[in-house]
Amino acid sequence: MMEKIISLIKTDFNTTFGLSSIAYSFKSKKNRWQIIVFGIAMLSLIPTYFLFVKSLGEIYDIYSQIGQSSMFLLLGFLGAQVIVFVLGLLYVMSKYYFSNDLALLLPLPVKPSYILGSKFATLMFSEYLTSLPIILPFIFIYGIRGGEGAIYWIYSFLLILTLPVIPLVLSSILVMFFMKYTNIGGKKDLIRTLSAVLFIILVVYVQLKINTITQKALLQGNDFLINLVKDSNLLVKKLGLGFPPSMWASLSLSNYLNIAGLGYLLIFVSVGVLSFIAMILLSEGLFFDGLIGNIEVSASKGKTGKKMSIRDSVVQTKPYLALAKKEITMLFKTPIYLFNSIGGVIVVPIIMVMSTVTGGGGDMGSIIKFVETKPEFIALVGIGFITAMGMLNSIGATTFSREGKNFWIQRVLPIKASDQIIGRILSSIAIQVLGLAALLGALAFIIRLRISTIVLIVILGLLGSIPMTQIGMVIDIIRPSLKWTNPQQAMKQNLNVLFGMGLGTLYIGGISLLVFNLINRIDINLVFTVLAVIFIVSTVILYYVLEKLIVKQFEVLE
Amino acid sequence: MLQLNGISKSYNKGAIKAVDNISLDIESGEIFGFIGPNGAGKTTTIKMIVGLLKPDDGDITIGGVNVWEEPLRAKAMISYVPDSPEIYDKLKGIGYLNFIADMYGISRDKREEKMEYYLDMFNIKDAMGDIIGSYSRGMKQKLVLTAALMNEPELFILDEPMVGLDPKSSFNLKETMRQMRDEGKTIFFSTHILEVAEKFCDRIAIINKGKIVTVGTMEELRHHAKERESLENIFLELTE
């Protein structure tokens, strides 16, 4: 039994973190380069992280001034565990229910709990990558500033080690119940899609709230931290009571010198172990029920029931249109693509607009009145927003990666590079139109839009989306990630999206700078013309670059 | 119709030679069988012919068109059926067929006629409204075959086409290939089923460790080997 579990964990580790494949890929020059670039991207986050740690130090000072330094630890544990829980929901969903190895694992003579247990172990490791950067600064600041002794550090080590268990168990159980009870015949996709959309809206809302908090912080300076601590003291305590494990962890560390500390440590660890066992026991009854409908290979024998009429279903389309249609169908029918590109394009503008209304306070009315007198300002912001969406929708930067194992079809068929380019751009434009509708709808809700503003946003926004999509495509054809087992790897975990956003930011930044300089010097209509010319010229240039690259890469990619 | 002139392909910077200086000349109106042990280089050779792998050396022409110099012209002449049918799971069967037909520029009338014919033959017409993800492996294989046959290719290339097919579909496929040969089309396929190769192919090549060991009609192959009774014996002797 033990060998089975160990072997499952080992295999899962290898396929998830690619220990052997990383070692293998480091041998090839091209891949080594990718790893280095990824490393640099990570390094660039260091200054932000440094700021985070620095303000934590200040928060600690304030807590210790008011004699509540244990609240500081509670804040750390609570933060880390909440984030582990939220990310856990996503990880668990994709790892337990949507990964490709399930089709291989299920027929093996192993219990569902073994499969789940091994997957849980890999997830624990992923969660450390999230929890450690959060909890470590808290532990170190508290430990060093307070000059704590050896037992403190031993306790900390044990607590950090077991920190992700309870939240991850909770998200596992929640997802298992969710999958079991939404696994209802034909409705399950609809229910799950709706729930995911709600989840996205919730996450974006929380992010916006955090944004307003940081904005306030910028306005209030030092007073802010003090206010934050005073405000959050109550909140953290409340939450801590609501989620006792964080409380136990912080109490264990703040009382490490007496027996109570040891008691809390034991409670924390043993509740973790017990909850893990409970999850494993529950999984025997829950896991398969949610899964079965998911990877069903239902023998299709025309189960739609109606006789298919070939005559009515045959349509001839131009190759680029057929390609665009295929892309759009795949985007809509693959949940992960649907949430990330289409969901994002529709949800983000609505939330952005709504949050300016709800978050602005009383003086919003006069701002709206002022803005309405400057329609060209609205138009410029709208154009910039839609253009940026052209990259944020990730469609260009993942267009070839998304082909994955099916890429051979594209390479074997006699498809012209021009059809590849136009078809794939059209699919991005189609999604952009949805975003455009969402943005204009949301804007019309709060301000009176002139027809000319709408026309400008539509035309220039869509024109601007083309070079953005093309920039993404250039990156993706140079280094498509085709060997994925889960569509998530083609979309969310695809570095090309990150590179695309970098280049896209430079492109938009450059143009914004130009517009900023021109706006007071020349007529506003001329500014719009300049924008149109820039978009068209970059489209043409990028078209030729792409044509060359596609011909070349379609030959050599293996 | 199909010429391979001294093509080679190696992996891992030359450490593993998958295909080693292969030359073949295959005529129009011929069914050509390509057999060999696992890892002999069959799939690598086929992938080079259809444009999925670029040979390190040598060149390939189809109907006089160099595959790597004028890829679009060459690809328009061929249809390829890979050994594992990895196709767009989220599309409906009919959507996939329409997509492929659009890429080959097949007219509406012609695609309707071909779809009716082949979907009936493979008995998967009623599944065309379902998404491909719900198909069995055999059904996917039949869908890929239908898509490939719609194009009426001059050169039909198949990698292990009989795997996963039920006996009736396998029979029908062979009949179709014979018909194509009679119309002057060329069929090139790899197989592990020696009986199929023996009874069905006009000429056979045996490949082992990246090299062609022997090539010819069944009669000619018998001359090359000491054990002359069956292809199985010849195969075992030559690939030892």
# chains A, B, ... in the order shown; residues from 1 in each chain; ligands from 1
>>> residues_around(residues="Glu127 of chain A", least_positions_apart="6", cutoff="12 Å", atoms="only C-alpha atoms", output="PDB file with N, CA and C atoms, in the first residue's frame")
ATOM      1  N   ALA A  80      -1.953  34.398   5.122  1.00  0.00           N
ATOM      2  CA  ALA A  80      -1.388  33.277   4.376  1.00  0.00           C
ATOM      3  C   ALA A  80      -2.438  32.189   4.173  1.00  0.00           C
ATOM      4  N   GLN A  81      -3.195  31.888   5.230  1.00  0.00           N
ATOM      5  CA  GLN A  81      -4.146  30.789   5.106  1.00  0.00           C
ATOM      6  C   GLN A  81      -5.326  31.143   4.203  1.00  0.00           C
ATOM      7  N   VAL A  82      -5.759  32.401   4.255  1.00  0.00           N
ATOM      8  CA  VAL A  82      -6.858  32.795   3.369  1.00  0.00           C
ATOM      9  C   VAL A  82      -6.416  32.678   1.912  1.00  0.00           C
ATOM     10  N   ILE A  83      -5.194  33.123   1.639  1.00  0.00           N
ATOM     11  CA  ILE A  83      -4.734  33.056   0.248  1.00  0.00           C
ATOM     12  C   ILE A  83      -4.552  31.605  -0.197  1.00  0.00           C
ATOM     13  N   VAL A  84      -4.018  30.775   0.705  1.00  0.00           N
ATOM     14  CA  VAL A  84      -3.905  29.349   0.380  1.00  0.00           C
ATOM     15  C   VAL A  84      -5.288  28.773   0.080  1.00  0.00           C
ATOM     16  N   PHE A  85      -6.277  29.172   0.848  1.00  0.00           N
ATOM     17  CA  PHE A  85      -7.637  28.662   0.661  1.00  0.00           C
ATOM     18  C   PHE A  85      -8.207  29.083  -0.696  1.00  0.00           C
ATOM     19  N   VAL A  86      -8.077  30.377  -0.999  1.00  0.00           N
ATOM     20  CA  VAL A  86      -8.666  30.877  -2.244  1.00  0.00           C
ATOM     21  C   VAL A  86      -7.973  30.262  -3.457  1.00  0.00           C
ATOM     22  N   LEU A  87      -6.634  30.291  -3.455  1.00  0.00           N
ATOM     23  CA  LEU A  87      -5.918  29.667  -4.568  1.00  0.00           C
ATOM     24  C   LEU A  87      -6.209  28.172  -4.604  1.00  0.00           C
ATOM     25  N   GLY A  88      -6.364  27.600  -3.391  1.00  0.00           N
ATOM     26  CA  GLY A  88      -6.666  26.172  -3.294  1.00  0.00           C
ATOM     27  C   GLY A  88      -7.911  25.804  -4.077  1.00  0.00           C
ATOM     28  N   LEU A  89      -8.937  26.651  -4.019  1.00  0.00           N
ATOM     29  CA  LEU A  89     -10.167  26.353  -4.761  1.00  0.00           C
ATOM     30  C   LEU A  89      -9.865  26.153  -6.236  1.00  0.00           C
ATOM     31  N   LEU A  90      -9.035  27.048  -6.782  1.00  0.00           N
ATOM     32  CA  LEU A  90      -8.706  26.951  -8.204  1.00  0.00           C
ATOM     33  C   LEU A  90      -7.812  25.741  -8.480  1.00  0.00           C
ATOM     34  N   TYR A  91      -6.765  25.604  -7.661  1.00  0.00           N
ATOM     35  CA  TYR A  91      -5.835  24.490  -7.862  1.00  0.00           C
ATOM     36  C   TYR A  91      -6.561  23.154  -7.785  1.00  0.00           C
ATOM     37  N   VAL A  92      -7.375  23.015  -6.722  1.00  0.00           N
ATOM     38  CA  VAL A  92      -8.057  21.739  -6.489  1.00  0.00           C
ATOM     39  C   VAL A  92      -8.960  21.409  -7.670  1.00  0.00           C
ATOM     40  N   PHE A 120      -3.046  15.816  -3.451  1.00  0.00           N
ATOM     41  CA  PHE A 120      -3.002  16.758  -2.341  1.00  0.00           C
ATOM     42  C   PHE A 120      -1.550  17.089  -1.990  1.00  0.00           C
ATOM     43  N   ALA A 121      -0.701  16.064  -1.989  1.00  0.00           N
ATOM     44  CA  ALA A 121       0.709  16.280  -1.647  1.00  0.00           C
ATOM     45  C   ALA A 121       1.376  17.241  -2.630  1.00  0.00           C
ATOM     46  N   PRO A 133       6.311  33.097   1.005  1.00  0.00           N
ATOM     47  CA  PRO A 133       6.648  34.516   0.881  1.00  0.00           C
ATOM     48  C   PRO A 133       5.772  35.402   1.766  1.00  0.00           C
ATOM     49  N   ILE A 134       4.587  34.924   2.124  1.00  0.00           N
ATOM     50  CA  ILE A 134       3.713  35.757   2.954  1.00  0.00           C
ATOM     51  C   ILE A 134       4.063  35.596   4.433  1.00  0.00           C
ATOM     52  N   ILE A 135       4.165  34.343   4.886  1.00  0.00           N
ATOM     53  CA  ILE A 135       4.280  34.128   6.322  1.00  0.00           C
ATOM     54  C   ILE A 135       5.708  34.382   6.833  1.00  0.00           C
ATOM     55  N   ILE A 160       4.811  26.571  10.060  1.00  0.00           N
ATOM     56  CA  ILE A 160       4.898  26.908   8.639  1.00  0.00           C
ATOM     57  C   ILE A 160       4.701  25.658   7.790  1.00  0.00           C
ATOM     58  N   LEU A 161       5.296  24.568   8.273  1.00  0.00           N
ATOM     59  CA  LEU A 161       5.217  23.304   7.543  1.00  0.00           C
ATOM     60  C   LEU A 161       3.777  22.840   7.392  1.00  0.00           C
ATOM     61  N   THR A 162       2.973  23.040   8.438  1.00  0.00           N
ATOM     62  CA  THR A 162       1.606  22.519   8.401  1.00  0.00           C
ATOM     63  C   THR A 162       0.584  23.586   8.026  1.00  0.00           C
ATOM     64  N   LEU A 163       1.055  24.797   7.821  1.00  0.00           N
ATOM     65  CA  LEU A 163       0.135  25.907   7.559  1.00  0.00           C
ATOM     66  C   LEU A 163      -0.859  25.652   6.422  1.00  0.00           C
ATOM     67  N   PRO A 164      -0.424  25.135   5.248  1.00  0.00           N
ATOM     68  CA  PRO A 164      -1.391  25.014   4.148  1.00  0.00           C
ATOM     69  C   PRO A 164      -2.401  23.888   4.331  1.00  0.00           C
ATOM     70  N   VAL A 165      -2.156  22.965   5.297  1.00  0.00           N
ATOM     71  CA  VAL A 165      -3.001  21.766   5.358  1.00  0.00           C
ATOM     72  C   VAL A 165      -4.479  22.109   5.545  1.00  0.00           C
ATOM     73  N   ILE A 166      -4.795  22.852   6.617  1.00  0.00           N
ATOM     74  CA  ILE A 166      -6.207  23.076   6.935  1.00  0.00           C
ATOM     75  C   ILE A 166      -6.933  23.842   5.819  1.00  0.00           C
ATOM     76  N   PRO A 167      -6.392  24.994   5.352  1.00  0.00           N
ATOM     77  CA  PRO A 167      -7.125  25.669   4.277  1.00  0.00           C
ATOM     78  C   PRO A 167      -7.247  24.816   3.017  1.00  0.00           C
ATOM     79  N   LEU A 168      -6.229  24.039   2.716  1.00  0.00           N
ATOM     80  CA  LEU A 168      -6.285  23.223   1.500  1.00  0.00           C
ATOM     81  C   LEU A 168      -7.302  22.097   1.652  1.00  0.00           C
ATOM     82  N   VAL A 169      -7.374  21.540   2.869  1.00  0.00           N
ATOM     83  CA  VAL A 169      -8.392  20.516   3.126  1.00  0.00           C
ATOM     84  C   VAL A 169      -9.778  21.128   2.946  1.00  0.00           C
TER      85      VAL A 169
END
>>> residues_around(residues="segment 401-406 of chain A", least_positions_apart="5", cutoff="7 Å", atoms="only C-alpha atoms", output="ChimeraX atom specification")
/A:476,480-484,490 /B:86-88
>>> write_last_selection(atoms="N, CA and C atoms", output="PDB file, in the first residue's frame")
ATOM      1  N   ASP A 476       3.990  34.213 -29.642  1.00  0.00           N
ATOM      2  CA  ASP A 476       3.515  32.831 -29.520  1.00  0.00           C
ATOM      3  C   ASP A 476       4.025  31.944 -30.647  1.00  0.00           C
ATOM      4  N   PRO A 480       5.825  28.730 -29.067  1.00  0.00           N
ATOM      5  CA  PRO A 480       4.528  28.214 -28.622  1.00  0.00           C
ATOM      6  C   PRO A 480       4.730  27.131 -27.573  1.00  0.00           C
ATOM      7  N   SER A 481       3.854  27.081 -26.571  1.00  0.00           N
ATOM      8  CA  SER A 481       3.962  25.967 -25.636  1.00  0.00           C
ATOM      9  C   SER A 481       2.885  24.959 -26.019  1.00  0.00           C
ATOM     10  N   LEU A 482       3.326  23.908 -26.687  1.00  0.00           N
ATOM     11  CA  LEU A 482       2.382  22.971 -27.307  1.00  0.00           C
ATOM     12  C   LEU A 482       2.196  21.702 -26.498  1.00  0.00           C
ATOM     13  N   LYS A 483       3.129  21.442 -25.594  1.00  0.00           N
ATOM     14  CA  LYS A 483       3.066  20.158 -24.895  1.00  0.00           C
ATOM     15  C   LYS A 483       2.336  20.287 -23.573  1.00  0.00           C
ATOM     16  N   TRP A 484       1.074  20.656 -23.616  1.00  0.00           N
ATOM     17  CA  TRP A 484       0.355  20.777 -22.362  1.00  0.00           C
ATOM     18  C   TRP A 484      -0.650  19.654 -22.223  1.00  0.00           C
ATOM     19  N   ALA A 490      -1.900  26.281 -21.309  1.00  0.00           N
ATOM     20  CA  ALA A 490      -1.794  27.018 -22.560  1.00  0.00           C
ATOM     21  C   ALA A 490      -2.206  28.471 -22.382  1.00  0.00           C
TER      22      ALA A 490
ATOM     23  N   GLU B  86      -5.448  12.680 -32.716  1.00  0.00           N
ATOM     24  CA  GLU B  86      -5.578  13.849 -31.830  1.00  0.00           C
ATOM     25  C   GLU B  86      -6.254  14.960 -32.599  1.00  0.00           C
ATOM     26  N   ILE B  87      -7.539  15.174 -32.364  1.00  0.00           N
ATOM     27  CA  ILE B  87      -8.232  16.248 -33.072  1.00  0.00           C
ATOM     28  C   ILE B  87      -9.035  17.093 -32.088  1.00  0.00           C
ATOM     29  N   TYR B  88      -9.560  18.213 -32.603  1.00  0.00           N
ATOM     30  CA  TYR B  88     -10.219  19.194 -31.750  1.00  0.00           C
ATOM     31  C   TYR B  88     -11.410  18.604 -30.995  1.00  0.00           C
TER      32      TYR B  88
END
>>> residues_around(residues="Pro37 of chain B", least_positions_apart="5", cutoff="9 Å", atoms="only C-alpha atoms", output="VMD selection string")
chain B and resid 42 192 206 to 209 239
>>> write_last_selection(atoms="N, CA and C atoms", output="mmCIF file, in the first residue's frame")
data_model
loop_
_atom_site.group_PDB
_atom_site.id
_atom_site.type_symbol
_atom_site.label_atom_id
_atom_site.label_comp_id
_atom_site.auth_asym_id
_atom_site.auth_seq_id
_atom_site.Cartn_x
_atom_site.Cartn_y
_atom_site.Cartn_z
ATOM 1 N N LYS B 42 9.550 4.366 -39.021
ATOM 2 C CA LYS B 42 8.386 4.482 -39.923
ATOM 3 C C LYS B 42 7.682 5.827 -39.759
ATOM 4 N N HIS B 192 1.678 -2.738 -38.835
ATOM 5 C CA HIS B 192 2.301 -3.846 -38.123
ATOM 6 C C HIS B 192 1.654 -5.151 -38.530
ATOM 7 N N ILE B 206 10.720 -2.834 -46.145
ATOM 8 C CA ILE B 206 10.947 -3.150 -44.737
ATOM 9 C C ILE B 206 12.031 -2.221 -44.229
ATOM 10 N N ILE B 207 11.732 -1.519 -43.145
ATOM 11 C CA ILE B 207 12.707 -0.589 -42.573
ATOM 12 C C ILE B 207 13.136 -1.120 -41.214
ATOM 13 N N ASN B 208 14.432 -1.034 -40.946
ATOM 14 C CA ASN B 208 14.941 -1.470 -39.647
ATOM 15 C C ASN B 208 16.086 -0.552 -39.230
ATOM 16 N N LYS B 209 16.035 -0.059 -38.009
ATOM 17 C CA LYS B 209 17.064 0.841 -37.484
ATOM 18 C C LYS B 209 17.346 2.014 -38.425
ATOM 19 N N THR B 239 14.949 -8.451 -40.115
ATOM 20 C CA THR B 239 15.039 -7.412 -39.080
ATOM 21 C C THR B 239 15.735 -7.912 -37.823
#
>>> closest_residue(among="A:Ile115, A:Ile6, A:Ile280, A:Ala322", to="Asp102 of chain B", atoms="only C-alpha atoms")
A:Ala322
>>> residues_around(residues="Lys416 of chain A", least_positions_apart="3", cutoff="8 Å", atoms="only C-alpha atoms", output="list of chain:residue names")
A:Asp419, A:Gln420, B:Leu72
>>> closest_residue(among="B:Asp57, B:Asp159, B:Glu30, B:Glu112", to="chain A", atoms="only C-alpha atoms")
B:Glu112
>>> select_by_dssp(residues="segment 45-228 of chain B", states="strand (DSSP E or B)", output="PyMOL selection string")
chain B and resi 57-62+65-66+78-81+92+131+155-159+186-190+203-208+211-216
>>> atom_distance(atom1="atom CA of Ile342 of chain A", atom2="atom CA of Thr182 of chain A")
22.8 Å
>>> residues_around(residues="Ile62 of chain B", least_positions_apart="5", cutoff="7 Å", atoms="only C-alpha atoms", output="ChimeraX atom specification")
/B:1-3,67,74
>>> closest_residue(among="B:Gly29, B:Pro167, B:Pro85, B:Gly6", to="Lys142 of chain B", atoms="only C-alpha atoms")
B:Pro85
>>> closest_residue(among="A:Leu253, A:Ile431, A:Ile40, A:Leu105", to="Gly76 of chain A", atoms="only C-alpha atoms")
A:Leu253
>>> residues_around(residues="Ile139 of chain A", least_positions_apart="2", cutoff="10 Å", atoms="only C-alpha atoms", output="compact mmCIF listing (two decimals) with C-alpha atoms, in the first residue's frame")
# COMPACT_ATOMS: atom_id res chain seq x y z
CA PHE A 72 0.70 40.92 14.11
CA LEU A 73 1.29 37.15 13.93
CA GLY A 76 0.27 36.89 9.01
CA PHE A 77 -1.25 33.47 9.56
CA ILE A 134 3.71 35.76 2.95
CA ILE A 135 4.28 34.13 6.32
CA LEU A 136 8.09 34.23 6.48
CA PRO A 137 8.41 38.02 6.84
CA ILE A 141 10.07 40.35 11.91
CA TYR A 142 8.34 39.14 15.06
CA GLY A 143 11.15 36.78 15.97
CA ILE A 144 14.06 39.13 15.36
CA TYR A 152 10.09 30.09 18.93
CA TRP A 153 11.96 29.14 15.78
CA SER A 156 7.58 28.45 13.70
CA PHE A 157 9.11 25.76 11.54
CA ILE A 160 4.90 26.91 8.64
CA SER A 250 -0.34 32.96 16.56
CA LEU A 253 4.05 31.50 18.98
